[in-house]
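*Asks:* Pasting model.cif here (mmCIF, C-alpha atoms):
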data_start
#
loop_
_atom_site.label_atom_id
_atom_site.label_comp_id
_atom_site.auth_asym_id
_atom_site.auth_seq_id
_atom_site.Cartn_x
_atom_site.Cartn_y
_atom_site.Cartn_z
CA MET N 14 -13.44 -178.71 13.72
CA ALA N 15 -9.82 -179.04 12.68
CA GLY N 16 -9.74 -175.37 11.73
CA VAL N 17 -11.19 -174.32 15.08
CA ALA N 18 -8.68 -176.50 16.96
CA TRP N 19 -5.80 -175.05 14.98
CA MET N 20 -7.05 -171.51 15.61
CA ILE N 21 -7.06 -172.17 19.36
CA ALA N 22 -3.60 -173.70 19.20
CA GLY N 23 -2.40 -170.79 17.09
CA VAL N 24 -3.59 -168.22 19.60
CA PHE N 25 -2.15 -169.87 22.70
CA ALA N 26 1.03 -171.38 21.23
CA TRP N 27 2.02 -169.94 17.86
CA TYR N 28 0.95 -166.31 18.40
CA PRO N 29 3.22 -165.49 21.38
CA PHE N 30 6.11 -167.34 19.73
CA ALA N 31 5.63 -165.51 16.41
CA VAL N 32 5.33 -162.12 18.10
CA THR N 33 8.59 -162.68 19.97
CA VAL N 34 10.56 -164.08 17.04
CA PHE N 35 9.32 -161.45 14.58
CA ALA N 36 10.19 -158.66 17.00
CA VAL N 37 13.73 -160.01 17.42
CA LEU N 38 14.24 -160.51 13.67
CA SER N 39 12.85 -157.05 12.93
CA SER N 40 15.17 -155.44 15.47
CA LEU N 41 18.08 -157.14 13.71
CA GLY N 42 16.83 -156.03 10.29
CA ILE N 43 16.42 -159.66 9.21
CA SER N 44 12.66 -159.78 8.84
CA THR N 45 10.57 -156.64 8.48
CA LYS N 46 7.24 -155.61 7.04
CA VAL N 47 7.12 -156.54 3.36
CA GLY N 48 5.42 -154.54 0.64
CA THR N 49 3.83 -151.12 0.32
CA THR N 50 0.42 -149.82 -0.67
CA GLU N 51 1.92 -146.72 -2.29
CA SER N 52 1.17 -146.56 -6.01
CA ASP N 53 0.10 -144.17 -8.76
CA CYS N 54 -3.35 -145.45 -9.71
CA ARG N 55 -4.53 -142.35 -11.55
CA GLY N 56 -6.62 -143.34 -14.56
CA LEU N 57 -7.16 -146.89 -13.32
CA VAL N 58 -10.62 -148.35 -12.74
CA ALA N 59 -11.16 -150.89 -9.96
CA ILE N 60 -14.05 -152.99 -8.70
CA VAL N 61 -14.03 -154.18 -5.09
CA THR N 62 -16.87 -156.52 -4.15
CA GLY N 63 -18.23 -156.28 -0.64
CA SER N 64 -16.52 -152.94 -0.16
CA ASN N 65 -19.21 -151.36 1.99
CA THR N 66 -17.52 -152.72 5.13
CA GLY N 67 -14.43 -154.30 6.66
CA VAL N 68 -11.48 -155.38 4.53
CA GLY N 69 -13.25 -154.47 1.29
CA LYS N 70 -13.96 -150.94 2.50
CA SER N 71 -10.33 -150.41 3.47
CA THR N 72 -9.23 -151.87 0.11
CA ALA N 73 -11.48 -149.45 -1.77
CA ALA N 74 -10.20 -146.57 0.37
CA ALA N 75 -6.54 -147.38 -0.30
CA LEU N 76 -7.09 -147.70 -4.06
CA ALA N 77 -9.03 -144.43 -4.19
CA ALA N 78 -6.35 -142.74 -2.05
CA ASN N 79 -3.84 -143.76 -4.73
CA GLY N 80 -5.97 -142.05 -7.38
CA ALA N 81 -8.09 -144.89 -8.78
CA THR N 82 -11.73 -144.78 -9.81
CA VAL N 83 -13.28 -147.39 -7.50
CA ILE N 84 -16.64 -149.09 -7.82
CA ILE N 85 -18.05 -150.03 -4.44
CA ALA N 86 -19.96 -153.20 -5.34
CA SER N 87 -22.39 -153.73 -2.49
CA ARG N 88 -25.51 -155.82 -1.97
CA SER N 89 -27.03 -152.87 -0.11
CA LEU N 90 -26.99 -149.54 -1.91
CA GLU N 91 -27.66 -147.76 1.38
CA ARG N 92 -24.62 -149.32 3.09
CA GLY N 93 -22.58 -148.72 -0.04
CA MET N 94 -23.42 -145.03 0.04
CA GLU N 95 -22.53 -144.84 3.72
CA ALA N 96 -19.13 -146.36 2.95
CA LYS N 97 -18.64 -143.92 0.06
CA VAL N 98 -19.28 -140.92 2.31
CA HIS N 99 -16.90 -142.28 4.97
CA ILE N 100 -14.12 -142.93 2.45
CA GLU N 101 -14.58 -139.54 0.78
CA ASN N 102 -14.28 -137.81 4.14
CA GLU N 103 -10.93 -139.53 4.66
CA LEU N 104 -9.75 -138.78 1.12
CA SER N 105 -10.36 -135.09 1.71
CA THR N 106 -7.67 -135.02 4.40
CA CYS N 107 -5.25 -137.89 3.73
CA SER N 108 -3.54 -136.09 0.83
CA THR N 109 -2.17 -133.54 3.28
CA THR N 110 -2.28 -135.06 6.76
CA GLY N 111 -1.58 -138.72 6.08
CA LYS N 112 -3.56 -141.85 6.84
CA GLY N 113 -7.07 -142.05 8.20
CA SER N 114 -8.63 -144.97 10.02
CA LEU N 115 -9.20 -146.86 6.76
CA MET N 116 -5.59 -146.78 5.54
CA TYR N 117 -2.58 -148.53 7.00
CA ASP N 118 0.47 -146.67 5.72
CA GLU N 119 1.46 -143.59 7.71
CA ARG N 120 2.18 -141.34 4.77
CA LYS N 121 0.61 -138.64 2.65
CA TYR N 122 -1.40 -139.65 -0.41
CA PRO N 123 -0.53 -137.21 -3.20
CA PHE N 124 -3.01 -138.71 -5.68
CA ALA N 125 -6.01 -138.85 -3.33
CA GLU N 126 -7.69 -135.88 -4.98
CA HIS N 127 -7.82 -137.86 -8.23
CA GLY N 128 -9.59 -140.82 -6.64
CA SER N 129 -13.33 -141.25 -7.02
CA LEU N 130 -15.96 -143.68 -5.79
CA HIS N 131 -19.11 -145.03 -7.38
CA VAL N 132 -21.66 -147.26 -5.66
CA ARG N 133 -23.33 -150.02 -7.65
CA GLN N 134 -25.56 -152.83 -6.45
CA LEU N 135 -24.23 -156.38 -6.60
CA ASP N 136 -25.68 -159.42 -4.86
CA LEU N 137 -23.20 -162.25 -5.43
CA SER N 138 -25.71 -164.81 -4.17
CA ASP N 139 -27.89 -164.10 -7.22
CA LEU N 140 -26.35 -164.74 -10.65
CA GLN N 141 -28.96 -162.50 -12.28
CA SER N 142 -27.73 -159.65 -10.09
CA VAL N 143 -24.15 -160.50 -11.09
CA GLU N 144 -25.09 -160.31 -14.76
CA ALA N 145 -26.98 -157.03 -14.31
CA PHE N 146 -24.01 -155.51 -12.50
CA ALA N 147 -21.54 -156.64 -15.17
CA LYS N 148 -23.76 -155.41 -18.00
CA GLY N 149 -24.16 -152.02 -16.36
CA PHE N 150 -20.46 -151.70 -15.64
CA LEU N 151 -19.43 -152.58 -19.21
CA LEU N 152 -21.80 -149.96 -20.59
CA GLU N 153 -20.68 -147.25 -18.15
CA PHE N 154 -16.92 -147.78 -17.91
CA GLN N 155 -14.58 -148.28 -20.84
CA ARG N 156 -11.77 -149.97 -18.93
CA LEU N 157 -11.19 -152.27 -15.98
CA ASP N 158 -7.73 -152.56 -14.46
CA ILE N 159 -8.36 -154.16 -11.05
CA LEU N 160 -10.96 -156.68 -9.92
CA VAL N 161 -10.87 -157.53 -6.22
CA ASN N 162 -13.16 -160.48 -5.46
CA ASN N 163 -13.45 -159.64 -1.78
CA ALA N 164 -17.02 -160.23 -0.59
CA GLY N 165 -17.68 -163.22 1.62
CA LEU N 166 -19.91 -164.93 4.15
CA ASN N 167 -18.74 -167.04 7.07
CA GLY N 168 -21.81 -168.58 8.66
CA GLY N 169 -24.02 -166.34 10.76
CA GLY N 170 -27.11 -168.51 10.23
CA VAL N 171 -26.71 -168.93 6.46
CA ARG N 172 -24.72 -172.21 6.37
CA GLU N 173 -27.72 -174.32 5.34
CA SER N 174 -29.60 -171.66 3.35
CA ALA N 175 -29.54 -171.49 -0.44
CA THR N 176 -29.00 -168.84 -3.09
CA LYS N 177 -31.68 -167.92 -5.60
CA GLN N 178 -30.19 -170.44 -8.03
CA GLY N 179 -30.06 -173.19 -5.39
CA PHE N 180 -26.38 -173.15 -4.39
CA ASN N 181 -25.30 -173.32 -0.78
CA MET N 182 -25.37 -169.67 0.34
CA ILE N 183 -21.74 -169.52 1.49
CA TRP N 184 -20.38 -171.42 -1.52
CA GLY N 185 -22.58 -169.47 -3.93
CA THR N 186 -21.63 -166.07 -2.54
CA ASN N 187 -17.93 -166.64 -1.88
CA TYR N 188 -17.07 -168.63 -4.99
CA ILE N 189 -19.77 -169.13 -7.66
CA GLY N 190 -20.80 -165.46 -7.75
CA HIS N 191 -17.19 -164.34 -8.04
CA PHE N 192 -16.43 -166.98 -10.68
CA HIS N 193 -19.33 -165.76 -12.82
CA LEU N 194 -18.44 -162.09 -12.31
CA THR N 195 -14.84 -162.75 -13.36
CA GLN N 196 -15.99 -164.55 -16.50
CA LEU N 197 -18.27 -161.69 -17.50
CA LEU N 198 -15.55 -159.06 -17.03
CA LEU N 199 -12.59 -161.03 -18.35
CA GLU N 200 -12.46 -159.49 -21.82
CA ARG N 201 -12.48 -155.96 -20.40
CA LEU N 202 -9.66 -156.92 -18.07
CA LYS N 203 -7.66 -158.40 -20.95
CA ALA N 204 -8.01 -155.12 -22.83
CA ALA N 205 -6.24 -153.19 -20.05
CA PRO N 206 -2.50 -152.48 -20.33
CA ALA N 207 -1.81 -154.40 -17.11
CA ALA N 208 -4.74 -155.78 -15.15
CA ARG N 209 -4.97 -157.60 -11.81
CA ILE N 210 -7.48 -160.08 -10.44
CA VAL N 211 -7.26 -160.44 -6.67
CA ASN N 212 -9.12 -163.37 -5.12
CA LEU N 213 -9.72 -163.44 -1.37
CA ALA N 214 -8.83 -166.79 0.15
CA SER N 215 -8.24 -167.74 3.80
CA VAL N 216 -6.14 -169.89 6.08
CA MET N 217 -9.25 -172.07 6.23
CA HIS N 218 -8.40 -173.47 2.80
CA HIS N 219 -6.04 -175.78 4.69
CA PHE N 220 -8.97 -177.44 6.46
CA THR N 221 -11.17 -178.68 3.65
CA GLU N 222 -12.55 -182.18 3.86
CA GLY N 223 -13.41 -184.48 1.00
CA ASP N 224 -13.34 -183.70 -2.71
CA ILE N 225 -13.59 -180.07 -3.86
CA LEU N 226 -15.16 -181.29 -7.11
CA GLN N 227 -17.94 -182.94 -5.09
CA SER N 228 -18.40 -179.71 -3.16
CA ALA N 229 -18.81 -177.93 -6.48
CA VAL N 230 -21.97 -179.92 -7.17
CA GLY N 231 -23.35 -179.48 -3.66
CA ASN N 232 -21.98 -182.55 -1.89
CA PHE N 233 -20.19 -180.92 1.05
CA LYS N 234 -18.37 -183.18 3.48
CA GLY N 235 -16.98 -180.34 5.57
CA SER N 236 -17.29 -176.57 5.76
CA PRO N 237 -18.64 -174.74 2.69
CA TYR N 238 -16.60 -171.74 3.82
CA SER N 239 -13.30 -173.65 3.78
CA ASP N 240 -14.22 -175.23 0.44
CA SER N 241 -15.09 -171.85 -1.05
CA LYS N 242 -11.71 -170.41 -0.05
CA LEU N 243 -9.83 -173.38 -1.49
CA ALA N 244 -11.90 -172.97 -4.67
CA MET N 245 -10.76 -169.35 -4.95
CA ILE N 246 -7.13 -170.51 -4.98
CA HIS N 247 -7.92 -173.15 -7.61
CA LEU N 248 -9.62 -170.40 -9.63
CA THR N 249 -6.53 -168.21 -9.29
CA SER N 250 -4.24 -171.01 -10.47
CA GLU N 251 -6.41 -171.78 -13.48
CA LEU N 252 -6.71 -168.11 -14.40
CA ARG N 253 -2.92 -167.79 -14.34
CA ARG N 254 -2.57 -170.65 -16.80
CA GLN N 255 -5.31 -169.43 -19.11
CA LEU N 256 -4.09 -165.81 -19.00
CA ALA N 257 -0.37 -166.59 -19.27
CA ASP N 258 -0.08 -164.83 -22.64
CA THR N 259 -2.07 -161.76 -21.61
CA ASN N 260 -1.45 -158.68 -19.47
CA VAL N 261 -3.71 -159.98 -16.68
CA THR N 262 -2.20 -161.28 -13.45
CA ALA N 263 -4.24 -163.26 -10.90
CA ILE N 264 -3.16 -163.47 -7.26
CA ALA N 265 -4.88 -165.03 -4.26
CA VAL N 266 -4.54 -163.42 -0.86
CA ASN N 267 -5.25 -164.24 2.75
CA PRO N 268 -6.34 -161.05 4.55
CA GLY N 269 -5.54 -162.70 7.87
CA PHE N 270 -7.68 -163.02 10.97
CA VAL N 271 -9.44 -159.64 10.84
CA ARG N 272 -12.00 -158.11 13.15
CA SER N 273 -14.46 -157.31 10.41
CA ASP N 274 -18.11 -157.70 9.48
CA ILE N 275 -17.53 -161.24 8.23
CA TRP N 276 -17.88 -162.26 11.89
CA ARG N 277 -21.21 -160.50 12.31
CA GLY N 278 -22.92 -163.79 13.17
CA LEU N 279 -20.56 -164.45 16.08
CA ASN N 280 -20.54 -160.82 17.17
CA ALA N 281 -24.33 -160.94 17.51
CA ASN N 282 -24.36 -164.22 19.45
CA PRO N 283 -26.11 -163.51 22.78
CA THR N 284 -23.89 -165.98 24.62
CA TRP N 285 -20.45 -165.63 23.05
CA GLY N 286 -20.65 -162.29 21.23
CA ALA N 287 -19.02 -160.09 23.88
CA LEU N 288 -16.28 -162.64 24.56
CA TRP N 289 -15.59 -163.03 20.85
CA GLN N 290 -15.31 -159.27 20.34
CA ALA N 291 -12.88 -158.97 23.25
CA PHE N 292 -10.83 -161.84 21.84
CA THR N 293 -10.58 -160.26 18.37
CA GLN N 294 -9.49 -156.94 19.87
CA ILE N 295 -6.41 -158.71 21.23
CA VAL N 296 -5.22 -160.96 18.39
CA ALA N 297 -7.06 -159.95 15.19
CA LEU N 298 -5.81 -157.51 12.58
CA THR N 299 -7.57 -154.25 11.80
CA PRO N 300 -9.46 -154.02 8.49
CA ALA N 301 -6.71 -151.70 7.20
CA GLU N 302 -4.10 -154.37 7.94
CA GLY N 303 -6.35 -157.03 6.45
CA ALA N 304 -6.64 -155.02 3.22
CA TYR N 305 -2.87 -154.81 2.87
CA THR N 306 -2.38 -158.06 0.93
CA SER N 307 -5.21 -157.14 -1.44
CA VAL N 308 -3.84 -153.66 -2.17
CA VAL N 309 -0.30 -154.95 -2.68
CA ALA N 310 -1.58 -157.69 -5.00
CA ALA N 311 -3.67 -155.15 -6.94
CA THR N 312 -1.05 -152.44 -7.41
CA GLN N 313 2.56 -153.47 -6.91
CA PRO N 314 5.06 -154.71 -9.52
CA PHE N 315 6.29 -158.27 -9.05
CA ALA N 316 9.10 -160.37 -10.41
CA ASP N 317 8.16 -162.95 -13.01
CA PRO N 318 6.39 -165.15 -12.09
CA PRO N 319 4.36 -163.16 -9.58
CA PRO N 320 3.40 -164.84 -6.31
CA LEU N 321 0.35 -167.08 -6.30
CA TYR N 322 -0.58 -166.42 -2.68
CA LEU N 323 0.11 -163.57 -0.24
CA VAL N 324 -0.41 -163.57 3.54
CA PRO N 325 -0.06 -160.78 6.14
CA TYR N 326 1.98 -162.78 8.65
CA TRP N 327 5.55 -163.86 9.16
CA VAL N 328 5.67 -167.55 8.29
CA PRO N 329 8.97 -169.45 8.56
CA SER N 330 10.17 -170.79 5.22
CA TRP N 331 10.36 -174.34 6.61
CA ALA N 332 6.75 -174.33 7.75
CA TRP N 333 4.32 -176.81 6.26
CA LEU N 334 1.65 -176.29 8.90
CA PRO N 335 -0.85 -173.42 8.42
CA PHE N 336 1.06 -170.87 10.51
CA GLU N 337 -0.70 -168.12 8.56
CA VAL N 338 -3.60 -168.50 11.01
CA VAL N 339 -2.60 -165.63 13.30
CA GLY N 340 0.40 -163.53 14.29
CA PRO N 341 1.97 -160.08 14.19
CA PHE N 342 1.22 -158.04 11.09
CA ALA N 343 4.12 -158.40 8.65
CA GLY N 344 2.90 -156.82 5.41
CA ALA N 345 2.31 -158.98 2.33
CA ARG N 346 4.43 -162.14 2.19
CA ALA N 347 4.44 -164.83 -0.48
CA ILE N 348 4.01 -168.41 0.68
CA LYS N 349 2.74 -171.60 -0.92
CA PRO N 350 -0.91 -172.48 -0.38
CA ARG N 351 -1.90 -176.06 0.39
CA LEU N 352 -2.88 -177.55 -2.96
CA PRO N 353 -3.02 -181.19 -4.12
CA PRO N 354 -0.28 -182.63 -6.36
CA ASP N 355 -2.74 -182.87 -9.26
CA GLU N 356 -3.84 -179.28 -8.80
CA PRO N 357 -3.81 -178.37 -12.54
CA THR N 358 -6.22 -181.20 -13.33
CA ILE N 359 -8.52 -180.41 -10.41
CA SER N 360 -8.47 -176.68 -11.14
CA ARG N 361 -9.46 -177.28 -14.77
CA LYS N 362 -12.25 -179.66 -13.80
CA LEU N 363 -13.54 -177.18 -11.22
CA TRP N 364 -13.45 -174.47 -13.90
CA ASP N 365 -15.49 -176.60 -16.30
CA ILE N 366 -18.03 -177.57 -13.63
CA SER N 367 -18.40 -173.94 -12.59
CA LEU N 368 -18.92 -172.79 -16.18
CA SER N 369 -21.63 -175.40 -16.63
CA LEU N 370 -23.38 -174.51 -13.39
CA CYS N 371 -23.37 -170.80 -14.19
CA SER N 372 -24.62 -171.29 -17.75
CA ARG N 373 -27.51 -173.43 -16.51
CA SER N 374 -28.43 -171.25 -13.57
CA ALA N 375 -28.06 -167.66 -14.76
#
Let me see the file written as structure tokens.

*Replies:*
Amino acid sequence: MAGVAWMIAGVFAWYPFAVTVFAVLSSLGISTKVGTTESDCRGLVAIVTGSNTGVGKSTAAALAANGATVIIASRSLERGMEAKVHIENELSTCSTTGKGSLMYDERKYPFAEHGSLHVRQLDLSDLQSVEAFAKGFLLEFQRLDILVNNAGLNGGGVRESATKQGFNMIWGTNYIGHFHLTQLLLERLKAAPAARIVNLASVMHHFTEGDILQSAVGNFKGSPYSDSKLAMIHLTSELRRQLADTNVTAIAVNPGFVRSDIWRGLNANPTWGALWQAFTQIVALTPAEGAYTSVVAATQPFADPPPLYLVPYWVPSWAWLPFEVVGPFAGARAIKPRLPPDEPTISRKLWDISLSLCSRSA
């Protein structure tokens, strides 16, 4: 409930303030959109989970427009093929006429003709499907440069349902499936000249309740969604420590409040659906804007050390409240996520628990 209350407060109090301040700062050249999605990705191979729709689809489109070979990892092959056709139609024109509806930057994409898309089935709620996908990928592709752990559920009638291996459906899909996938592909990533792991988090990581280590074993005190997004940041932190001496960089991102398919449960609500859709049209980001942090994290050079967490909003440097909840689109900005003081210890324990759960369940 705290997250919902903060969202309401953000819309009616923070949003108009942020829009006004950001506009003034931008006009003065003090604070402008940060980052770019322009990059030469020719020869690179990328996996984007959940890329048949929403933020994932726009992420796959941007990477392919920059010349990458992109695997659309989708639970539904049919929806994955529909996304592939849509993206390919945009790639056929964006090299000469600039952006399509799936891309944010208003520019031409000179490497778009080198981009390619491949659809492969992946159900992150089933660890056997995760293993089959990883095995097939490793046999088919000789390199992996970018892994975007994008797919996610946010309710819609699945809060209390379970995965095939018995995990909470939201926790299992958003975190456990991605943890296992990352483990299975880690050696191929380490073999790349410079690889990136991008983990989708959320402002909702601020609103977890109880002990994340208890959530890991199924004892949820609050929202499995919030816990899963905090777990993705813990995973990112632990990966950075374990991969410190490699060419692999892990970054967590908040796509922002996006009008995407993750809200399909609310959109279909017979009572609130129409009102919710109207609300998101006003304050939510487009999927192309929501993909911006992911694409920047996947492709752009960073100073050492690279940022741990990117958000698409202007957040004042003095802020300790979760002002990343909503606001004007401001590119990809580095801020500190809300993590406990003993984060390294908790992240390692969560890693060990997750390894054990996956080894027993797969």

*Asks:* Mind telling me what the PyMOL selection byres ((chain N and resi 78) around 12) catches here, as a VMD selection string?

*Replies:* chain N and resid 50 to 55 71 to 77 79 to 83 100 to 109 111 to 113 115 to 118 120 to 130 308

*Asks:* Suppose a student applies the PyMOL selection byres ((chain N and resi 367-375) around 9) to this structure; what residues should they get, written as a list in words?

*Replies:*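 Listing what the PyMOL selection byres ((chain N and resi 367-375) around 9) selects in the shown file: Asp139, Leu140, Gln141, Val143, Glu144, Gln178, Gly179, Ile189, Gly190, Phe192, His193, Gln196, Ala229, Val230, Lys362, Leu363, Trp364, Asp365 and Ile366 of chain N.
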
*Asks:* May I have the selected residues written with C-alpha atoms, as a PDB file, in the frame of the given file?

*Replies:*
ATOM      1  CA  ASP N 139     -27.890-164.100  -7.220  1.00  0.00           C
ATOM      2  CA  LEU N 140     -26.350-164.740 -10.650  1.00  0.00           C
ATOM      3  CA  GLN N 141     -28.960-162.500 -12.280  1.00  0.00           C
ATOM      4  CA  VAL N 143     -24.150-160.500 -11.090  1.00  0.00           C
ATOM      5  CA  GLU N 144     -25.090-160.310 -14.760  1.00  0.00           C
ATOM      6  CA  GLN N 178     -30.190-170.440  -8.030  1.00  0.00           C
ATOM      7  CA  GLY N 179     -30.060-173.190  -5.390  1.00  0.00           C
ATOM      8  CA  ILE N 189     -19.770-169.130  -7.660  1.00  0.00           C
ATOM      9  CA  GLY N 190     -20.800-165.460  -7.750  1.00  0.00           C
ATOM     10  CA  PHE N 192     -16.430-166.980 -10.680  1.00  0.00           C
ATOM     11  CA  HIS N 193     -19.330-165.760 -12.820  1.00  0.00           C
ATOM     12  CA  GLN N 196     -15.990-164.550 -16.500  1.00  0.00           C
ATOM     13  CA  ALA N 229     -18.810-177.930  -6.480  1.00  0.00           C
ATOM     14  CA  VAL N 230     -21.970-179.920  -7.170  1.00  0.00           C
ATOM     15  CA  LYS N 362     -12.250-179.660 -13.800  1.00  0.00           C
ATOM     16  CA  LEU N 363     -13.540-177.180 -11.220  1.00  0.00           C
ATOM     17  CA  TRP N 364     -13.450-174.470 -13.900  1.00  0.00           C
ATOM     18  CA  ASP N 365     -15.490-176.600 -16.300  1.00  0.00           C
ATOM     19  CA  ILE N 366     -18.030-177.570 -13.630  1.00  0.00           C
TER      20      ILE N 366
END

*Asks:* How would you write, as a count of residues only, the residues chosen by the PyMOL selection byres ((chain N and resi 302-307) around 8) on this structure?

*Replies:* 29

*Asks:* Using only C-alpha atoms, find the one residue out of N:Gly149, N:Asp158, N:Asn187, N:Ile60 that sits nearest to Val261 in chain N.

*Replies:* N:Asp158

*Asks:* Please, which residues are within 9 Å of (-22.2, -178.2, 2.1) by the file's coordinates, counting all atoms listed in the file, and could they come as a PyMOL selection string?

*Replies:* chain N and resi 172-173+181+183-184+228+231-238+240

*Asks:* Just give me the gap between CA of Pro357 in chain N and CA of Asp224 in chain N in Å, one decimal is fine.

*Replies:* 14.7 Å

*Asks:* So which one's closest to Arg272 in chain N, N:Pro314, N:Pro29, N:Gly42, N:Gly67? Using all atoms listed in the file, please.

*Replies:* N:Gly67

*Asks:* One decimal, Å: what's the distance from CA of Ser174 in chain N over to CA of Thr186 in chain N, could you say?

*Replies:*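 So the answer is 11.4 Å.
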
*Asks:* If you measure from CA of Gln155 in chain N to CA of Arg88 in chain N, what distance in Å do you get, rounded to one decimal?

*Replies:*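 CA of Arg88 in chain N lies at a distance of 23.1 Å from CA of Gln155 in chain N.
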
*Asks:* What would the list of residues within 8 Å of (-14.6, -166.7, -1.0) (file frame) look like as an NGL selection string, if all atoms listed in the file are what count?

*Replies:* :N and (162-166 or 184 or 186-188 or 191 or 212-214 or 238 or 241-242 or 244-245)

*Asks:* Between N:His99, N:Phe150, N:Asp136, N:Ser39, which one has atoms that come closest to Ile84 in chain N, using all atoms listed in the file?

*Replies:*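 Of N:His99, N:Phe150, N:Asp136, N:Ser39, the one nearest Ile84 in chain N, counting all atoms listed in the file, is N:Phe150.
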